[in-house]
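Listing of work.pdb, PDB, C-alpha atoms
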```pdb
ATOM      1  CA  MET S 798    -105.372  65.464 116.762  1.00  0.00           C
ATOM      2  CA  ALA S 799    -107.376  66.722 119.759  1.00  0.00           C
ATOM      3  CA  LEU S 800    -108.258  64.381 122.590  1.00  0.00           C
ATOM      4  CA  ASN S 801    -111.915  65.104 123.396  1.00  0.00           C
ATOM      5  CA  LYS S 802    -112.638  65.697 127.077  1.00  0.00           C
ATOM      6  CA  ALA S 803    -115.985  66.128 128.793  1.00  0.00           C
ATOM      7  CA  ARG S 804    -117.675  65.919 132.156  1.00  0.00           C
ATOM      8  CA  LEU S 805    -119.203  62.522 132.800  1.00  0.00           C
ATOM      9  CA  ASP S 806    -122.723  63.865 133.322  1.00  0.00           C
ATOM     10  CA  ARG S 807    -122.670  65.819 130.070  1.00  0.00           C
ATOM     11  CA  PHE S 808    -121.358  62.826 128.147  1.00  0.00           C
ATOM     12  CA  LEU S 809    -124.025  60.501 129.543  1.00  0.00           C
ATOM     13  CA  ALA S 810    -126.824  63.020 129.067  1.00  0.00           C
ATOM     14  CA  GLN S 811    -125.902  63.472 125.426  1.00  0.00           C
ATOM     15  CA  HIS S 812    -125.228  59.798 124.733  1.00  0.00           C
ATOM     16  CA  CYS S 813    -128.405  58.550 126.407  1.00  0.00           C
ATOM     17  CA  GLN S 814    -130.568  61.531 125.442  1.00  0.00           C
ATOM     18  CA  ILE S 815    -131.604  62.133 129.039  1.00  0.00           C
ATOM     19  CA  SER S 816    -131.425  65.010 131.505  1.00  0.00           C
ATOM     20  CA  ARG S 817    -128.474  65.519 133.829  1.00  0.00           C
ATOM     21  CA  LYS S 818    -130.890  65.035 136.733  1.00  0.00           C
ATOM     22  CA  GLN S 819    -131.513  61.515 135.433  1.00  0.00           C
ATOM     23  CA  VAL S 820    -127.755  61.004 135.138  1.00  0.00           C
ATOM     24  CA  ARG S 821    -127.356  61.873 138.835  1.00  0.00           C
ATOM     25  CA  LEU S 822    -129.920  59.214 139.674  1.00  0.00           C
ATOM     26  CA  MET S 823    -128.071  56.639 137.535  1.00  0.00           C
ATOM     27  CA  LEU S 824    -124.847  57.361 139.418  1.00  0.00           C
ATOM     28  CA  ALA S 825    -126.613  57.211 142.781  1.00  0.00           C
ATOM     29  CA  GLN S 826    -127.895  53.750 141.797  1.00  0.00           C
ATOM     30  CA  SER S 827    -124.314  52.609 140.952  1.00  0.00           C
ATOM     31  CA  ARG S 828    -125.302  51.845 137.364  1.00  0.00           C
ATOM     32  CA  VAL S 829    -122.326  53.559 135.751  1.00  0.00           C
ATOM     33  CA  LYS S 830    -118.736  52.357 135.798  1.00  0.00           C
ATOM     34  CA  VAL S 831    -115.701  54.299 134.592  1.00  0.00           C
ATOM     35  CA  ASN S 832    -112.565  52.269 133.864  1.00  0.00           C
ATOM     36  CA  GLY S 833    -114.006  49.402 135.889  1.00  0.00           C
ATOM     37  CA  SER S 834    -114.935  51.412 138.991  1.00  0.00           C
ATOM     38  CA  VAL S 835    -118.389  52.580 140.021  1.00  0.00           C
ATOM     39  CA  ALA S 836    -118.740  56.263 139.127  1.00  0.00           C
ATOM     40  CA  ARG S 837    -119.853  58.617 141.902  1.00  0.00           C
ATOM     41  CA  ASN S 838    -118.811  62.088 140.751  1.00  0.00           C
ATOM     42  CA  ILE S 839    -120.936  63.707 138.050  1.00  0.00           C
ATOM     43  CA  GLU S 840    -118.118  66.188 137.402  1.00  0.00           C
ATOM     44  CA  GLN S 841    -115.569  63.462 136.677  1.00  0.00           C
ATOM     45  CA  VAL S 842    -113.638  64.284 133.502  1.00  0.00           C
ATOM     46  CA  ILE S 843    -113.544  61.563 130.870  1.00  0.00           C
ATOM     47  CA  ASP S 844    -111.870  61.444 127.460  1.00  0.00           C
ATOM     48  CA  THR S 845    -111.755  59.477 124.234  1.00  0.00           C
ATOM     49  CA  PHE S 846    -110.060  56.480 125.837  1.00  0.00           C
ATOM     50  CA  THR S 847    -112.118  56.295 129.045  1.00  0.00           C
ATOM     51  CA  HIS S 848    -113.940  52.945 129.288  1.00  0.00           C
ATOM     52  CA  ILE S 849    -117.566  53.552 130.293  1.00  0.00           C
ATOM     53  CA  THR S 850    -120.360  51.069 130.984  1.00  0.00           C
ATOM     54  CA  LEU S 851    -124.009  51.553 131.876  1.00  0.00           C
ATOM     55  CA  ASP S 852    -125.826  48.612 133.457  1.00  0.00           C
ATOM     56  CA  ASN S 853    -122.750  46.534 132.515  1.00  0.00           C
ATOM     57  CA  LYS S 854    -123.180  47.400 128.830  1.00  0.00           C
ATOM     58  CA  VAL S 855    -120.258  49.144 127.138  1.00  0.00           C
ATOM     59  CA  ILE S 856    -121.114  52.602 125.836  1.00  0.00           C
ATOM     60  CA  GLN S 857    -117.561  53.761 125.107  1.00  0.00           C
ATOM     61  CA  GLN S 858    -114.538  51.607 124.447  1.00  0.00           C
ATOM     62  CA  ASN S 859    -111.751  53.144 122.382  1.00  0.00           C
ATOM     63  CA  THR S 860    -108.211  51.827 122.241  1.00  0.00           C
ATOM     64  CA  ALA S 861    -105.043  53.910 122.314  1.00  0.00           C
ATOM     65  CA  TYR S 862    -102.350  52.747 119.900  1.00  0.00           C
ATOM     66  CA  TYR S 863     -98.597  53.337 120.110  1.00  0.00           C
ATOM     67  CA  ILE S 864     -96.352  52.267 117.232  1.00  0.00           C
ATOM     68  CA  MET S 865     -92.584  52.210 116.729  1.00  0.00           C
ATOM     69  CA  LEU S 866     -91.369  52.405 113.107  1.00  0.00           C
ATOM     70  CA  ASN S 867     -87.874  52.148 111.653  1.00  0.00           C
ATOM     71  CA  LYS S 868     -88.177  54.762 108.915  1.00  0.00           C
ATOM     72  CA  PRO S 869     -85.978  54.235 105.853  1.00  0.00           C
ATOM     73  CA  VAL S 870     -84.328  57.031 103.896  1.00  0.00           C
ATOM     74  CA  GLY S 871     -86.613  58.249 101.101  1.00  0.00           C
ATOM     75  CA  VAL S 872     -89.859  57.933 103.065  1.00  0.00           C
ATOM     76  CA  VAL S 873     -91.612  61.106 104.187  1.00  0.00           C
ATOM     77  CA  SER S 874     -92.993  61.708 107.669  1.00  0.00           C
ATOM     78  CA  ALA S 875     -96.492  62.510 106.450  1.00  0.00           C
ATOM     79  CA  THR S 876     -99.864  60.831 106.125  1.00  0.00           C
ATOM     80  CA  LYS S 877    -100.234  61.694 102.424  1.00  0.00           C
ATOM     81  CA  ASP S 878     -97.764  62.648  99.709  1.00  0.00           C
ATOM     82  CA  GLU S 879     -98.116  62.604  95.938  1.00  0.00           C
ATOM     83  CA  GLN S 880     -94.417  62.065  95.210  1.00  0.00           C
ATOM     84  CA  HIS S 881     -93.005  59.846  97.950  1.00  0.00           C
ATOM     85  CA  LYS S 882     -93.975  56.850 100.028  1.00  0.00           C
ATOM     86  CA  THR S 883     -95.170  57.912 103.495  1.00  0.00           C
ATOM     87  CA  VAL S 884     -94.685  56.338 106.910  1.00  0.00           C
ATOM     88  CA  LEU S 885     -98.361  55.307 106.863  1.00  0.00           C
ATOM     89  CA  ASP S 886     -97.768  53.448 103.611  1.00  0.00           C
ATOM     90  CA  LEU S 887     -95.338  51.216 105.518  1.00  0.00           C
ATOM     91  CA  LEU S 888     -97.907  50.199 108.136  1.00  0.00           C
ATOM     92  CA  GLU S 889    -100.304  47.264 107.829  1.00  0.00           C
ATOM     93  CA  TYR S 890    -102.427  47.915 110.922  1.00  0.00           C
ATOM     94  CA  PRO S 891    -106.176  48.264 110.259  1.00  0.00           C
ATOM     95  CA  PHE S 892    -106.255  51.385 112.461  1.00  0.00           C
ATOM     96  CA  LYS S 893    -103.320  53.144 110.766  1.00  0.00           C
ATOM     97  CA  ASN S 894    -105.443  56.006 109.442  1.00  0.00           C
ATOM     98  CA  GLU S 895    -106.285  56.968 113.031  1.00  0.00           C
ATOM     99  CA  LEU S 896    -102.608  57.630 113.808  1.00  0.00           C
ATOM    100  CA  HIS S 897    -100.563  60.807 113.786  1.00  0.00           C
ATOM    101  CA  ILE S 898     -96.788  61.188 113.790  1.00  0.00           C
ATOM    102  CA  VAL S 899     -94.859  62.049 116.942  1.00  0.00           C
ATOM    103  CA  GLY S 900     -91.745  63.971 115.899  1.00  0.00           C
ATOM    104  CA  ARG S 901     -91.109  63.921 112.171  1.00  0.00           C
ATOM    105  CA  LEU S 902     -87.899  62.982 110.382  1.00  0.00           C
ATOM    106  CA  ASP S 903     -86.583  64.517 107.161  1.00  0.00           C
ATOM    107  CA  LEU S 904     -86.827  62.596 103.901  1.00  0.00           C
ATOM    108  CA  ASN S 905     -83.138  61.645 104.040  1.00  0.00           C
ATOM    109  CA  THR S 906     -83.054  60.829 107.760  1.00  0.00           C
ATOM    110  CA  SER S 907     -83.705  57.269 108.937  1.00  0.00           C
ATOM    111  CA  GLY S 908     -84.594  55.706 112.250  1.00  0.00           C
ATOM    112  CA  LEU S 909     -87.137  55.853 115.029  1.00  0.00           C
ATOM    113  CA  VAL S 910     -90.552  57.349 114.311  1.00  0.00           C
ATOM    114  CA  LEU S 911     -93.421  57.036 116.773  1.00  0.00           C
ATOM    115  CA  LEU S 912     -97.098  57.075 115.805  1.00  0.00           C
ATOM    116  CA  THR S 913    -100.167  57.185 118.030  1.00  0.00           C
ATOM    117  CA  ASN S 914    -103.796  58.240 118.263  1.00  0.00           C
ATOM    118  CA  ASP S 915    -103.254  59.571 121.807  1.00  0.00           C
ATOM    119  CA  SER S 916    -102.627  63.313 121.558  1.00  0.00           C
ATOM    120  CA  ARG S 917    -101.923  63.735 125.278  1.00  0.00           C
ATOM    121  CA  TRP S 918     -99.056  61.287 124.974  1.00  0.00           C
ATOM    122  CA  SER S 919     -97.645  62.861 121.822  1.00  0.00           C
ATOM    123  CA  GLU S 920     -97.815  66.351 123.333  1.00  0.00           C
ATOM    124  CA  ARG S 921     -95.904  65.061 126.358  1.00  0.00           C
ATOM    125  CA  LEU S 922     -93.111  64.049 123.993  1.00  0.00           C
ATOM    126  CA  THR S 923     -93.018  67.050 121.693  1.00  0.00           C
ATOM    127  CA  LEU S 924     -93.728  70.160 123.770  1.00  0.00           C
ATOM    128  CA  PRO S 925     -90.443  71.990 124.598  1.00  0.00           C
ATOM    129  CA  GLU S 926     -91.184  72.345 128.307  1.00  0.00           C
ATOM    130  CA  TYR S 927     -90.985  68.583 128.819  1.00  0.00           C
ATOM    131  CA  LYS S 928     -87.417  68.435 127.441  1.00  0.00           C
ATOM    132  CA  VAL S 929     -87.647  64.894 126.077  1.00  0.00           C
ATOM    133  CA  SER S 930     -84.292  63.961 124.562  1.00  0.00           C
ATOM    134  CA  LYS S 931     -83.734  62.576 121.077  1.00  0.00           C
ATOM    135  CA  ARG S 932     -80.552  60.693 120.236  1.00  0.00           C
ATOM    136  CA  TYR S 933     -79.047  60.526 116.737  1.00  0.00           C
ATOM    137  CA  ILE S 934     -76.164  58.715 115.101  1.00  0.00           C
ATOM    138  CA  VAL S 935     -74.419  61.006 112.620  1.00  0.00           C
ATOM    139  CA  HIS S 936     -71.943  60.126 109.862  1.00  0.00           C
ATOM    140  CA  LEU S 937     -69.806  62.974 108.520  1.00  0.00           C
ATOM    141  CA  LYS S 938     -67.621  63.736 105.563  1.00  0.00           C
ATOM    142  CA  ASN S 939     -64.749  65.224 107.581  1.00  0.00           C
ATOM    143  CA  LYS S 940     -62.946  64.165 110.730  1.00  0.00           C
ATOM    144  CA  LEU S 941     -64.242  65.181 114.151  1.00  0.00           C
ATOM    145  CA  ASP S 942     -62.346  66.696 117.086  1.00  0.00           C
ATOM    146  CA  GLU S 943     -63.055  68.043 120.574  1.00  0.00           C
ATOM    147  CA  ALA S 944     -63.987  71.484 119.227  1.00  0.00           C
ATOM    148  CA  TYR S 945     -67.315  69.969 118.097  1.00  0.00           C
ATOM    149  CA  VAL S 946     -68.079  68.708 121.598  1.00  0.00           C
ATOM    150  CA  ASN S 947     -67.610  72.163 123.132  1.00  0.00           C
ATOM    151  CA  ALA S 948     -69.544  74.003 120.411  1.00  0.00           C
ATOM    152  CA  PHE S 949     -72.557  71.711 120.686  1.00  0.00           C
ATOM    153  CA  ALA S 950     -72.522  71.975 124.497  1.00  0.00           C
ATOM    154  CA  GLU S 951     -72.525  75.777 124.345  1.00  0.00           C
ATOM    155  CA  GLY S 952     -75.365  76.027 121.819  1.00  0.00           C
ATOM    156  CA  MET S 953     -75.260  77.836 118.498  1.00  0.00           C
ATOM    157  CA  TYR S 954     -76.883  81.060 117.342  1.00  0.00           C
ATOM    158  CA  PHE S 955     -79.052  80.802 114.219  1.00  0.00           C
ATOM    159  CA  SER S 956     -79.552  84.265 112.788  1.00  0.00           C
ATOM    160  CA  PHE S 957     -82.404  83.246 110.484  1.00  0.00           C
ATOM    161  CA  GLU S 958     -84.663  82.437 113.464  1.00  0.00           C
ATOM    162  CA  ASP S 959     -82.780  84.745 115.857  1.00  0.00           C
ATOM    163  CA  ILE S 960     -82.427  81.944 118.403  1.00  0.00           C
ATOM    164  CA  THR S 961     -79.624  80.129 120.188  1.00  0.00           C
ATOM    165  CA  THR S 962     -79.961  76.374 120.319  1.00  0.00           C
ATOM    166  CA  LYS S 963     -80.138  74.697 123.694  1.00  0.00           C
ATOM    167  CA  PRO S 964     -77.021  72.799 124.808  1.00  0.00           C
ATOM    168  CA  ALA S 965     -76.634  69.486 122.984  1.00  0.00           C
ATOM    169  CA  LYS S 966     -74.458  66.538 123.943  1.00  0.00           C
ATOM    170  CA  LEU S 967     -72.065  65.326 121.264  1.00  0.00           C
ATOM    171  CA  THR S 968     -70.066  62.144 121.775  1.00  0.00           C
ATOM    172  CA  ILE S 969     -67.392  61.182 119.265  1.00  0.00           C
ATOM    173  CA  ILE S 970     -67.784  57.513 118.343  1.00  0.00           C
ATOM    174  CA  ALA S 971     -65.149  57.381 115.592  1.00  0.00           C
ATOM    175  CA  ASP S 972     -63.251  59.842 113.408  1.00  0.00           C
ATOM    176  CA  TYR S 973     -66.250  60.363 111.137  1.00  0.00           C
ATOM    177  CA  GLN S 974     -69.106  59.295 113.391  1.00  0.00           C
ATOM    178  CA  ALA S 975     -70.792  60.960 116.374  1.00  0.00           C
ATOM    179  CA  GLU S 976     -73.761  60.554 118.664  1.00  0.00           C
ATOM    180  CA  VAL S 977     -75.806  63.712 119.254  1.00  0.00           C
ATOM    181  CA  GLU S 978     -78.426  64.075 121.977  1.00  0.00           C
ATOM    182  CA  LEU S 979     -80.702  67.101 122.041  1.00  0.00           C
ATOM    183  CA  THR S 980     -84.040  68.197 123.501  1.00  0.00           C
ATOM    184  CA  GLU S 981     -85.309  70.359 120.654  1.00  0.00           C
ATOM    185  CA  GLY S 982     -85.881  69.890 116.953  1.00  0.00           C
ATOM    186  CA  ARG S 983     -85.137  73.026 114.972  1.00  0.00           C
ATOM    187  CA  TYR S 984     -85.332  72.896 111.183  1.00  0.00           C
ATOM    188  CA  HIS S 985     -82.430  70.713 109.963  1.00  0.00           C
ATOM    189  CA  GLN S 986     -80.789  71.478 113.301  1.00  0.00           C
ATOM    190  CA  ILE S 987     -78.109  68.800 113.369  1.00  0.00           C
ATOM    191  CA  LYS S 988     -77.070  69.357 109.766  1.00  0.00           C
ATOM    192  CA  ARG S 989     -76.910  73.107 110.340  1.00  0.00           C
ATOM    193  CA  MET S 990     -74.848  72.716 113.496  1.00  0.00           C
ATOM    194  CA  PHE S 991     -72.276  70.595 111.694  1.00  0.00           C
ATOM    195  CA  GLY S 992     -72.500  73.079 108.865  1.00  0.00           C
ATOM    196  CA  ARG S 993     -70.813  75.618 111.146  1.00  0.00           C
ATOM    197  CA  PHE S 994     -67.716  73.466 110.793  1.00  0.00           C
ATOM    198  CA  ARG S 995     -68.283  73.061 107.048  1.00  0.00           C
ATOM    199  CA  ASN S 996     -68.613  69.354 107.686  1.00  0.00           C
ATOM    200  CA  PRO S 997     -71.435  67.798 105.613  1.00  0.00           C
ATOM    201  CA  VAL S 998     -73.622  65.125 107.211  1.00  0.00           C
ATOM    202  CA  THR S 999     -73.564  62.035 105.014  1.00  0.00           C
ATOM    203  CA  ALA S1000     -76.074  59.993 107.057  1.00  0.00           C
ATOM    204  CA  LEU S1001     -78.403  60.777 109.956  1.00  0.00           C
ATOM    205  CA  HIS S1002     -80.261  58.166 111.996  1.00  0.00           C
ATOM    206  CA  ARG S1003     -82.495  58.646 115.045  1.00  0.00           C
ATOM    207  CA  ALA S1004     -81.765  55.959 117.607  1.00  0.00           C
ATOM    208  CA  SER S1005     -84.066  56.906 120.493  1.00  0.00           C
ATOM    209  CA  ILE S1006     -86.736  59.226 121.834  1.00  0.00           C
ATOM    210  CA  GLY S1007     -86.760  59.571 125.605  1.00  0.00           C
ATOM    211  CA  THR S1008     -86.256  56.096 127.042  1.00  0.00           C
ATOM    212  CA  VAL S1009     -87.538  54.295 123.929  1.00  0.00           C
ATOM    213  CA  VAL S1010     -84.716  52.869 121.833  1.00  0.00           C
ATOM    214  CA  LEU S1011     -85.293  51.725 118.263  1.00  0.00           C
ATOM    215  CA  ASP S1012     -85.674  47.952 118.297  1.00  0.00           C
ATOM    216  CA  SER S1013     -82.610  46.407 116.669  1.00  0.00           C
ATOM    217  CA  GLN S1014     -84.813  43.570 115.380  1.00  0.00           C
ATOM    218  CA  LEU S1015     -86.779  45.953 113.158  1.00  0.00           C
ATOM    219  CA  ALA S1016     -85.437  46.179 109.625  1.00  0.00           C
ATOM    220  CA  ALA S1017     -85.892  49.429 107.723  1.00  0.00           C
ATOM    221  CA  GLY S1018     -89.605  49.853 107.027  1.00  0.00           C
ATOM    222  CA  GLN S1019     -90.741  47.489 109.781  1.00  0.00           C
ATOM    223  CA  SER S1020     -92.762  48.438 112.854  1.00  0.00           C
ATOM    224  CA  ARG S1021     -94.194  47.049 116.077  1.00  0.00           C
ATOM    225  CA  MET S1022     -96.484  48.084 118.927  1.00  0.00           C
ATOM    226  CA  LEU S1023     -94.808  49.662 121.935  1.00  0.00           C
ATOM    227  CA  THR S1024     -94.883  47.717 125.171  1.00  0.00           C
ATOM    228  CA  LEU S1025     -96.835  49.123 128.127  1.00  0.00           C
ATOM    229  CA  GLN S1026     -93.544  49.882 129.878  1.00  0.00           C
ATOM    230  CA  GLU S1027     -92.251  51.798 126.862  1.00  0.00           C
ATOM    231  CA  VAL S1028     -95.452  53.844 126.674  1.00  0.00           C
ATOM    232  CA  GLU S1029     -95.463  54.731 130.369  1.00  0.00           C
ATOM    233  CA  ASN S1030     -91.750  55.386 130.867  1.00  0.00           C
ATOM    234  CA  ILE S1031     -90.750  57.110 127.641  1.00  0.00           C
ATOM    235  CA  ALA S1032     -90.683  60.676 128.988  1.00  0.00           C
ATOM    236  CA  GLN S1033     -89.002  59.925 132.310  1.00  0.00           C
TER     237      GLN S1033
END
```
Would you encode the structure as structure tokens?
Amino acid sequence: MALNKARLDRFLAQHCQISRKQVRLMLAQSRVKVNGSVARNIEQVIDTFTHITLDNKVIQQNTAYYIMLNKPVGVVSATKDEQHKTVLDLLEYPFKNELHIVGRLDLNTSGLVLLTNDSRWSERLTLPEYKVSKRYIVHLKNKLDEAYVNAFAEGMYFSFEDITTKPAKLTIIADYQAEVELTEGRYHQIKRMFGRFRNPVTALHRASIGTVVLDSQLAAGQSRMLTLQEVENIAQ
């Protein structure tokens, strides 16, 4: 989903069907406000969520939405699917069809999924250069030992893609349970990494993305809006 950006004068000229010379006059007369402040710069860049008024009448007022969902196993991270229930099917918000998914989970993986209509925010979380961490709780068929910790920290070479994974932090919680924290999301990465030890993953659950931790009060399939603090601090 692209977040539309434009210069203020071009937006106003198109919206009001007037010339940019007339827009300059409107700004000089302090008739335009952007996010509550009188606009002075015709070159000011605005976007989909910029609040704009002309003569105290709203001409653009769009709301950004940020949702946390506890995805159950068996639900696909998609907006439409002919065979399975999707994450959108679990939502009851009237604006749900405006949302896109931030970081998908496999069909058989449960846990934290984020949805938004703010593409700048989602890109900040998903682009590799920002190195936003994701934390998972993993249940395994066979017993763990320290060799796993070292192997995950060193990274693993995947010949199919001809890449070496970035270092990942593995913490042993119990004999058959671990916490894995990583900053990338290769195809079935965690399962493939444990596969090097011939140790099948029996359950995989995402517990957090950046600083946002899945709300323990949300049952599988439930969701809630993120708080302002969660939205602003997630990638820190």
Expected selection from the PyMOL selection byres ((chain S and resi 823) around 12), given as a PDB file with C-alpha atoms, keeping the file's coordinate frame:
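Everything below was put into part24.pdb:
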```
ATOM      1  CA  LEU S 805    -119.203  62.522 132.800  1.00  0.00           C
ATOM      2  CA  ASP S 806    -122.723  63.865 133.322  1.00  0.00           C
ATOM      3  CA  LEU S 809    -124.025  60.501 129.543  1.00  0.00           C
ATOM      4  CA  ALA S 810    -126.824  63.020 129.067  1.00  0.00           C
ATOM      5  CA  CYS S 813    -128.405  58.550 126.407  1.00  0.00           C
ATOM      6  CA  ILE S 815    -131.604  62.133 129.039  1.00  0.00           C
ATOM      7  CA  SER S 816    -131.425  65.010 131.505  1.00  0.00           C
ATOM      8  CA  ARG S 817    -128.474  65.519 133.829  1.00  0.00           C
ATOM      9  CA  LYS S 818    -130.890  65.035 136.733  1.00  0.00           C
ATOM     10  CA  GLN S 819    -131.513  61.515 135.433  1.00  0.00           C
ATOM     11  CA  VAL S 820    -127.755  61.004 135.138  1.00  0.00           C
ATOM     12  CA  ARG S 821    -127.356  61.873 138.835  1.00  0.00           C
ATOM     13  CA  LEU S 822    -129.920  59.214 139.674  1.00  0.00           C
ATOM     14  CA  LEU S 824    -124.847  57.361 139.418  1.00  0.00           C
ATOM     15  CA  ALA S 825    -126.613  57.211 142.781  1.00  0.00           C
ATOM     16  CA  GLN S 826    -127.895  53.750 141.797  1.00  0.00           C
ATOM     17  CA  SER S 827    -124.314  52.609 140.952  1.00  0.00           C
ATOM     18  CA  ARG S 828    -125.302  51.845 137.364  1.00  0.00           C
ATOM     19  CA  VAL S 829    -122.326  53.559 135.751  1.00  0.00           C
ATOM     20  CA  LYS S 830    -118.736  52.357 135.798  1.00  0.00           C
ATOM     21  CA  VAL S 835    -118.389  52.580 140.021  1.00  0.00           C
ATOM     22  CA  ALA S 836    -118.740  56.263 139.127  1.00  0.00           C
ATOM     23  CA  ARG S 837    -119.853  58.617 141.902  1.00  0.00           C
ATOM     24  CA  ASN S 838    -118.811  62.088 140.751  1.00  0.00           C
ATOM     25  CA  ILE S 839    -120.936  63.707 138.050  1.00  0.00           C
ATOM     26  CA  THR S 850    -120.360  51.069 130.984  1.00  0.00           C
ATOM     27  CA  LEU S 851    -124.009  51.553 131.876  1.00  0.00           C
ATOM     28  CA  ASP S 852    -125.826  48.612 133.457  1.00  0.00           C
TER      29      ASP S 852
END
```
Legend entry - 7 Å contact set for stretch 963-971 of chain S, all atoms listed in the file, chain neighbours under 3 positions out, as a PyMOL selection string: chain S and resi 946+949-952+974-979
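Around stretch 898-903 of chain S, within 9 Å and counting all atoms listed in the file, the residues found are Lys868, Val870, Gly871, Val872, Val873, Ser874, Ala875, Thr876, Val884, Ser907, Gly908, Leu909, Val910, Leu911, Leu912, Thr913, Asn914, Ser919, Glu920, Leu922, Thr923, Gly982, His985 and Arg1003 of chain S, once anything fewer than 4 positions away on its own chain is removed.
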Quick one: write out the picked residues with C-alpha atoms as a PDB file, in the frame of the given file?
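Result written to selection21.pdb:
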```pdb
ATOM      1  CA  LYS S 868     -88.177  54.762 108.915  1.00  0.00           C
ATOM      2  CA  VAL S 870     -84.328  57.031 103.896  1.00  0.00           C
ATOM      3  CA  GLY S 871     -86.613  58.249 101.101  1.00  0.00           C
ATOM      4  CA  VAL S 872     -89.859  57.933 103.065  1.00  0.00           C
ATOM      5  CA  VAL S 873     -91.612  61.106 104.187  1.00  0.00           C
ATOM      6  CA  SER S 874     -92.993  61.708 107.669  1.00  0.00           C
ATOM      7  CA  ALA S 875     -96.492  62.510 106.450  1.00  0.00           C
ATOM      8  CA  THR S 876     -99.864  60.831 106.125  1.00  0.00           C
ATOM      9  CA  VAL S 884     -94.685  56.338 106.910  1.00  0.00           C
ATOM     10  CA  SER S 907     -83.705  57.269 108.937  1.00  0.00           C
ATOM     11  CA  GLY S 908     -84.594  55.706 112.250  1.00  0.00           C
ATOM     12  CA  LEU S 909     -87.137  55.853 115.029  1.00  0.00           C
ATOM     13  CA  VAL S 910     -90.552  57.349 114.311  1.00  0.00           C
ATOM     14  CA  LEU S 911     -93.421  57.036 116.773  1.00  0.00           C
ATOM     15  CA  LEU S 912     -97.098  57.075 115.805  1.00  0.00           C
ATOM     16  CA  THR S 913    -100.167  57.185 118.030  1.00  0.00           C
ATOM     17  CA  ASN S 914    -103.796  58.240 118.263  1.00  0.00           C
ATOM     18  CA  SER S 919     -97.645  62.861 121.822  1.00  0.00           C
ATOM     19  CA  GLU S 920     -97.815  66.351 123.333  1.00  0.00           C
ATOM     20  CA  LEU S 922     -93.111  64.049 123.993  1.00  0.00           C
ATOM     21  CA  THR S 923     -93.018  67.050 121.693  1.00  0.00           C
ATOM     22  CA  GLY S 982     -85.881  69.890 116.953  1.00  0.00           C
ATOM     23  CA  HIS S 985     -82.430  70.713 109.963  1.00  0.00           C
ATOM     24  CA  ARG S1003     -82.495  58.646 115.045  1.00  0.00           C
TER      25      ARG S1003
END
```
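With distances taken from (-77.8, 67.4, 107.9) and restricted to all atoms listed in the file, the residues inside 9 Å are Asn905, Thr906, Val935, His985, Gln986, Ile987, Lys988, Arg989, Met990, Phe991, Gly992, Pro997, Val998, Thr999, Ala1000 and Leu1001 of chain S.
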For the residues in that selection, give me C-alpha atoms as a PDB file, in the frame of the given file.
```
ATOM      1  CA  ASN S 905     -83.138  61.645 104.040  1.00  0.00           C
ATOM      2  CA  THR S 906     -83.054  60.829 107.760  1.00  0.00           C
ATOM      3  CA  VAL S 935     -74.419  61.006 112.620  1.00  0.00           C
ATOM      4  CA  HIS S 985     -82.430  70.713 109.963  1.00  0.00           C
ATOM      5  CA  GLN S 986     -80.789  71.478 113.301  1.00  0.00           C
ATOM      6  CA  ILE S 987     -78.109  68.800 113.369  1.00  0.00           C
ATOM      7  CA  LYS S 988     -77.070  69.357 109.766  1.00  0.00           C
ATOM      8  CA  ARG S 989     -76.910  73.107 110.340  1.00  0.00           C
ATOM      9  CA  MET S 990     -74.848  72.716 113.496  1.00  0.00           C
ATOM     10  CA  PHE S 991     -72.276  70.595 111.694  1.00  0.00           C
ATOM     11  CA  GLY S 992     -72.500  73.079 108.865  1.00  0.00           C
ATOM     12  CA  PRO S 997     -71.435  67.798 105.613  1.00  0.00           C
ATOM     13  CA  VAL S 998     -73.622  65.125 107.211  1.00  0.00           C
ATOM     14  CA  THR S 999     -73.564  62.035 105.014  1.00  0.00           C
ATOM     15  CA  ALA S1000     -76.074  59.993 107.057  1.00  0.00           C
ATOM     16  CA  LEU S1001     -78.403  60.777 109.956  1.00  0.00           C
TER      17      LEU S1001
END
```
Inset, instruction - Run the PyMOL selection byres ((chain S and resi 889) around 12) on the file and write out the hits as a list in words. - result: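 Checking the PyMOL selection byres ((chain S and resi 889) around 12) against this file, the residues are Ile864, Leu866, Val884, Leu885, Asp886, Leu887, Leu888, Tyr890, Pro891, Phe892, Lys893, Asn894, Gly1018, Gln1019, Ser1020, Arg1021 and Met1022 of chain S.
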Legend entry - Nearest residue to S:Lys938 from the set S:Ser956, S:Thr883, S:Asn996, S:Thr980 (distances using all atoms listed in the file): S:Asn996
Legend entry - Residues selected by the PyMOL selection byres ((chain S and resi 844) around 7), written as a VMD selection string: chain S and resid 800 to 803 842 to 843 845 to 847
Legend entry - Which of S:Glu1027, S:Asp915, S:Glu958, S:Asp972 sits closest to S:Lys940 [using all atoms listed in the file]: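 Selected residue with least distance to S:Lys940: S:Asp972.
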Legend entry - Between atom CA of S:Glu981 and atom CA of S:Leu924 - distance in Å to one decimal: 9.0 Å
Inset, instruction - Record the distance separating atom CA of S:Ser916 and atom CA of S:Ala1017, expressed in Å with one decimal. - result: 25.8 Å
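Taking atom CA of S:Lys877 and atom CA of S:His897 as the two end points, the separation is 11.4 Å.
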Legend entry - Long-range neighbours of S:Val831 as a PyMOL selection string, 6 Å cut-off, all atoms listed in the file, 2 positions minimum in chain: chain S and resi 833-834+836+848-849
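For the residues S:Lys882, S:Arg917, S:Lys931, S:His936, ranking by smallest atom-to-atom distance to S:Val1010 using all atoms listed in the file places S:Lys931 first.
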Legend entry - Shortest interatomic distance to S:Arg804 - which of S:Asn867, S:Glu840, S:Val1009, S:Arg921, counting only C-alpha atoms: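 So, comparing all the options, the nearest one is S:Glu840.
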Inset, instruction - For each of S:Gln1014, S:Leu896, S:Arg983, S:Ala1004, take the minimum atom-to-atom distance to S:Phe957, counting all atoms listed in the file, then give the residue where this is smallest. - result: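 Among the listed residues, the smallest separation from S:Phe957 belongs to S:Arg983.
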